[in-house]
Structure formats: structure tokens, C-alpha cells
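Written out below as C-alpha cells is the structure these notes cover.
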Amino acid sequence: MIEAHNNQWLAALAVELRRCGVAPDLAHHVVHEVATHLRDSGEAASQVFGTPAAYAAAVADSLGPSTGIYQARRPTGQVRLAVRGVSKRYGRRSVLRNVDLTVRAGEIAAIVGANGCGKSTLLRICAGILSPDSGEVFIDGRIGYCPQEGGTYDFLLPDEHFVLVGAGRGMSRDQAVSDGRRQAGHLGWDARERVLARHLSGGTRQKLNLVMSSLGDPEILLLDEPYQGFDRGTYLDFWDQLWEWRNAGRAIVVVTHLLNHLDRVDTVLDLTPSAPVTGVGQRRAEP
Amino acid sequence: MEQERRSQWLRGVLDLCVLAMVAEQESYGYQLAQRLERAGLGVPGGTLYPVLLRLQRTGLVEAQWRESGSGPARKYYRITAAGVRMLRQASLEWTEFVGQVELVLRKVATR
């Protein structure tokens, strides 16, 4: 009984620590230390450590400022992507109406909203795959686009994907393969395996997609719910990776319907029709 | 009320007490919790570990993960040279402070 409670509590603590901006390796140590304490003492976590959120806050507090790698900072980077007054209709149905969005270097913008509200459409317009009916998109830099599905080649190996995409971005074979494998490693995937893409699991295919989009370090990343099929651990790795890219100065747009990470993005654009109009992405309070 | 006041006092000196116990012997968290308990200064883990983190951050203790003979790896805390200096200084100040408080309060107790 207690063990189940404690395990649940520890999992929640890991999430809360991340939310508080505690760096992943340190968070891991904190969780491990609590776990050994509980195993030694046989106590119930909530009785000696309070709620996961309160304990995570106490830990973050004791670590002082600027220990986390996710410290929000004012965007000082140049504008990489500017969407101005974009509208799009499919037949009689208006999907996007006068949408604005600005993303600078070193920023993550999240596009959120209900199914069918035009999130993917907007991303495809940003990627230049689809034309808007009206409005403009300004791009400053190279684009890496990760579609929601598809994008991989059934009869190619992971390495061959890296070479193919790398070639388009002026990378040598060796460099493309080694970069691709390294990025895959960050997502907990060993891409050296000689398996055709069509035999990869859905989650692994998405990792392949994500790695391809980021090969060659494009300045702008457009990611359309790239984490589908990821298990929980990989999902958190994915967000770690996003923050690293952000801190390295990339401009990132990520389509998501999961709201629990919105406190870690710089701009939120809600496309839900009832939402206060698709104006400039609202800026969230910095943590 | 009594309990409340006591925990307030403890809050003011807990880091020193923890530091003193680490100085006595390199220990991991749960050992320290037990030793504090035996000394009549028991605090929940939720209070103890943030204190240890703060001591570590300020360089008064250092920590090392080590496998123990049986169980899982544990984080052992050891006092640093800076910790020893700080502890010595703070103990003197504390003794002086307690002396002053005692002087004031003794009059009340013997009245």
C-alpha cells in the first residue's frame, strides 16, 4: 500500500521538480534521495515530505536562483518567424482567421486549441507547404519541419534517412549519420539499429521524424505534435531537448494539445474559435 | 503554542545542528534524520533535505553518491573546510546569544 503511494508520489515529484525549473540531473538525484529515505524509514511520502508540489518548491527554493537550465530570459533574439494576418478557408469553412504570431530566436511558441481548429494548417503555412488565402509569413533562417505523421521512408534505414536529409542541408554523409545518431540518443533511441523505417514502432518513427527535422541545426523548428506514441520518459526527454534548443537560440513552434507544459513556453497561441481572438500570442508569466 | 515556538527556534538553528552532525561523522540523509530524532530535534524529511541542499550549494558540505554494501546508492554528506570554519564561528555566536537570552529569562524564572 505504502509502496504504491510512495511510487506515485515520487513520480509526481519528478514532474513538479521539472516544473520548478530544477535541472534534470539534479532532479533525478533529489528523487532518488527521497526514495532511499522512504525505503529506509518505511514512512509514507506525503506524511514526511508533504505534497510533491510543496516539496519541489522547497527544493527549488533551497537551490537558489539560476540553478535550473530553464531560467526564462527575456527574448533578445531577432525575429525568426512572423505571421501576419493569415487566413485560410477550406471550402466554406474558415479555419484560420487573421492570425498573427511572432517568434524570436531563443523562444518556444506553443500553438494550442481543439481538434480541427487549424493548428496543423497554420504550421504547414509557416513551413511553406500550404499557401494562405490572405496574409503573409516572414521567415529568417532555415526551417526544420516535423509533420504529425508520415515523413519517413518505409524502405530506408534510419541512417539512410539522416544521409538523405543531411545532403539537402549540405552535410557530409558521416556528419549526418553521427549527428542523427547523437540526436536520437537524446531521445533514448539507439538509431544504429538496421531496421527499415516501416518496421519501427510508431513512437520510434516519430523520433526519426524529429531527428530529421533538426539535422543541420536549422534556425527555425516547426514541430507538429511530434511526441505522439512517445512513452512518458521520452516525452520528458523531448521537452528537455526543446529547452536546450531554445537556450541555444533556435526559434521553435510546437503544436500541442497537452497543456501541462505551457508554463515552460514563451508564447501561447490559442486557435480555439471561442478563445480571445487569435491575436498576438499571449505572453505567459515567466516562472 | 509551545510546539509552534519550539519549531520556530529550531528553524533558526537547524542548519547549524545538521552541519554539526555532518561534522561529527559523514552521513546520508536518513542517518541524519535518525540522529536528529535521538537528539530531540526531529524534523520531517521534507525539512531536512532542503537544508542539506542549501548547505551543499553554499559549499559548507559536499556530497558523494556511494553504493552501500547491500541497499541502493546513497548520497553521503561530508563537511568542507569552509563548513568547519563557519560552524566554529556560528557556535561561538550561538553560545553568546543563548547566554544573553538566559540572562533576561532567568529573572523571570526565579521571580
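For the C-alpha cells, the naming scheme is as follows: chains receive sequential letters (A, B, ...) according to their order of presentation, residues are indexed from 1 within each chain, and ligands are indexed from 1 in presentation order.
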
- [ ] Identify every residue of chain A that has at least one atom within 8 Å of any atom of chain B, counting only C-alpha atoms, and report the result as a PyMOL selection string.
- [x] chain A and resi 33+36-37+40-41+48-50+55+58-59+62-63

Based on the selection just made, write C-alpha atoms of those residues as a CSV table (one decimal), in the first residue's frame.
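Written out: result-v5.csv:
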chain,number,residue,atom,x,y,z
A,33,GLU,CA,17.4,10.6,-2.3
A,36,THR,CA,16.1,5.8,-0.4
A,37,HIS,CA,14.9,7.7,2.6
A,40,ASP,CA,14.9,3.1,4.9
A,41,SER,CA,12.3,4.7,7.1
A,48,VAL,CA,7.2,13.3,5.9
A,49,PHE,CA,7.6,15.3,2.7
A,50,GLY,CA,4.2,17.0,2.3
A,55,TYR,CA,8.4,19.7,-1.6
A,58,ALA,CA,11.1,23.8,-1.1
A,59,VAL,CA,13.9,22.1,-3.1
A,62,SER,CA,17.0,25.8,-1.3
A,63,LEU,CA,18.8,25.7,-4.6

Task: Residue neighbourhood A:Gln228, 12 Å, only C-alpha atoms, exclusion window fewer than 5 positions, as an MDAnalysis selection string - done: chainID A and resid 146:149 201:207 209:210 223 234:235 238 255:258

- [ ] For A:Gln8, list every protein, DNA or RNA residue within 12 Å, evaluated using only C-alpha atoms, and leave out those in the same chain fewer than 2 positions away; present the list as a PyMOL selection string.
- [x] chain A and resi 1-6+10-15+31+35+44-46+51-52

Those selected residues, please, written with C-alpha atoms and delivered as a short mmCIF file (atom, residue, chain, number, x, y, z; two decimals), in the first residue's frame.
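Writing the result to result.cif gives the following:
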data_model
loop_
_atom_site.label_atom_id
_atom_site.label_comp_id
_atom_site.auth_asym_id
_atom_site.auth_seq_id
_atom_site.Cartn_x
_atom_site.Cartn_y
_atom_site.Cartn_z
CA MET A 1 0.00 0.00 0.00
CA ILE A 2 2.59 2.49 1.18
CA GLU A 3 4.93 1.46 -1.61
CA ALA A 4 2.34 2.19 -4.28
CA HIS A 5 1.58 5.53 -2.68
CA ASN A 6 5.26 6.38 -2.48
CA LEU A 10 7.88 10.14 -6.41
CA ALA A 11 6.66 10.22 -10.00
CA ALA A 12 4.66 13.35 -9.21
CA LEU A 13 7.71 14.88 -7.53
CA ALA A 14 9.79 14.35 -10.67
CA VAL A 15 7.21 16.25 -12.68
CA VAL A 31 14.01 11.96 -6.28
CA ALA A 35 13.22 7.23 -2.48
CA ALA A 44 4.56 7.35 3.74
CA ALA A 45 5.91 10.09 1.49
CA SER A 46 3.12 12.60 1.99
CA THR A 51 2.74 17.30 -1.20
CA PRO A 52 5.02 16.78 -4.22
#

Task: Backbone-only DSSP, strand (DSSP E) members of chain B, as a list in words - done: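 Across chain B, those assigned strand (DSSP E) are Ser27, Tyr28, Val61, Glu62, Ala63, Gln64, Trp65, Arg66, Glu67, Ala73, Arg74, Lys75, Tyr76, Tyr77, Arg78 and Ile79 of chain B.
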
Export C-alpha atoms of the chosen residues as a short mmCIF file (atom, residue, chain, number, x, y, z; two decimals), in the first residue's frame?
data_model
loop_
_atom_site.label_atom_id
_atom_site.label_comp_id
_atom_site.auth_asym_id
_atom_site.auth_seq_id
_atom_site.Cartn_x
_atom_site.Cartn_y
_atom_site.Cartn_z
CA SER B 27 26.36 10.54 6.91
CA TYR B 28 23.50 10.10 4.49
CA VAL B 61 29.17 20.39 2.91
CA GLU B 62 29.99 18.26 -0.08
CA ALA B 63 28.10 15.21 -1.23
CA GLN B 64 29.02 11.97 -2.87
CA TRP B 65 26.88 9.13 -4.16
CA ARG B 66 28.16 5.79 -2.99
CA GLU B 67 26.92 2.25 -3.21
CA ALA B 73 23.35 4.07 -3.73
CA ARG B 74 23.13 6.76 -1.08
CA LYS B 75 24.13 10.37 -1.01
CA TYR B 76 26.74 10.90 1.72
CA TYR B 77 27.36 14.35 3.11
CA ARG B 78 30.71 15.48 4.44
CA ILE B 79 31.69 18.83 5.91
#

Open item on the list: Show me, as a list in words, the residues that have an atom within 12 Å of A:Ala248 when counting only C-alpha atoms, minus same-chain residues fewer than 6 positions from it.
Closed with: Ile69, Tyr70, Gly77, Ala105, Gly106, Glu107, Ile108, Asp217, Pro218, Glu219, Ile220, Gln241 and Leu242 of chain A

Open item on the list: As an exercise, work out the distance from atom CA of A:Leu123 to atom CA of A:Asp224 in Å and give it to one decimal place.
Closed with: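 One can read the atom CA of A:Leu123 to atom CA of A:Asp224 distance as 7.2 Å.
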
Open item on the list: Quick check for you: according to DSSP on this backbone, which residues of stretch 34-110 of chain B are classed as alpha helix (DSSP H)? Reply as a ChimeraX atom specification.
Closed with: /B:34-38,45-57,81-109

Open item on the list: One number please: atom CA of A:Pro132 to atom CA of A:Pro226, in Å, one decimal.
Closed with: 23.1 Å

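The neighbours of A:Val253 here are the residues that come within 6 Å of it, using only C-alpha atoms and leaving out any residue fewer than 3 positions away in the same chain; they are Ile108, Ala109, Ala110 and Leu222 of chain A.
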
Using the selection just defined, write its residues with C-alpha atoms as an mmCIF file, in the first residue's frame.
data_model
loop_
_atom_site.group_PDB
_atom_site.id
_atom_site.type_symbol
_atom_site.label_atom_id
_atom_site.label_comp_id
_atom_site.auth_asym_id
_atom_site.auth_seq_id
_atom_site.Cartn_x
_atom_site.Cartn_y
_atom_site.Cartn_z
ATOM 1 C CA ILE A 108 9.301 28.486 -27.883
ATOM 2 C CA ALA A 109 5.819 29.243 -29.130
ATOM 3 C CA ALA A 110 3.064 26.719 -28.483
ATOM 4 C CA LEU A 222 8.230 23.691 -36.713
#

Contact residues around stretch 17-19 of chain A with only C-alpha atoms at 7 Å, ignoring same-chain residues under 5 positions, as a PDB file with C-alpha atoms, in the first residue's frame:
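As a result, out_20.pdb now contains:
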ATOM      1  CA  PRO A  24      17.067  17.094 -14.895  1.00  0.00           C
ATOM      2  CA  ALA A  27      16.006  16.443 -10.071  1.00  0.00           C
ATOM      3  CA  ALA A  56       9.547  20.565  -5.128  1.00  0.00           C
TER       4      ALA A  56
END

Task: 10 Å contact set for A:Ala127, only C-alpha atoms, chain neighbours under 2 positions out, as a list in words - done: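 Neighbouring residues, sequence-local ones excluded: Thr121, Leu122, Leu123, Arg124, Ile125, Ile129, Leu130, Ser131, Val137, Ile139, Ile143, Gly144, Tyr145, Cys146, Ile220, Leu221 and Leu222 of chain A.
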
Go ahead and write the residues just picked, C-alpha atoms, as a short mmCIF file (atom, residue, chain, number, x, y, z; two decimals), in the first residue's frame.
data_model
loop_
_atom_site.label_atom_id
_atom_site.label_comp_id
_atom_site.auth_asym_id
_atom_site.auth_seq_id
_atom_site.Cartn_x
_atom_site.Cartn_y
_atom_site.Cartn_z
CA THR A 121 -2.76 24.11 -41.14
CA LEU A 122 -1.01 27.09 -39.63
CA LEU A 123 2.19 25.12 -39.21
CA ARG A 124 2.07 23.94 -42.82
CA ILE A 125 1.58 27.53 -43.93
CA ILE A 129 3.85 23.69 -47.80
CA LEU A 130 0.47 25.38 -47.97
CA SER A 131 -0.48 28.87 -49.13
CA VAL A 137 4.61 34.77 -43.41
CA ILE A 139 10.94 33.71 -42.39
CA ILE A 143 13.36 25.63 -41.44
CA GLY A 144 13.16 22.16 -39.92
CA TYR A 145 9.64 20.81 -40.16
CA CYS A 146 8.40 17.74 -38.33
CA ILE A 220 13.56 27.57 -37.05
CA LEU A 221 11.87 24.36 -35.92
CA LEU A 222 8.23 23.69 -36.71
#

- [ ] Mind giving me the straight-line distance from atom CA of A:Ser87 to atom CA of A:Gly118 in Å, one decimal?
- [x] 10.1 Å

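For the residues B:Cys17, B:Leu60, B:Leu10, B:Val104, ranking by smallest atom-to-atom distance to B:Val84 using only C-alpha atoms places B:Leu60 first.
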
Task: Option closest in space to B:Gly83, from B:Leu19, B:Leu32, B:Val101, B:Val108 [counting only C-alpha atoms] - done: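 Looking only at the distances to B:Gly83, the closest residue turns out to be B:Leu19.
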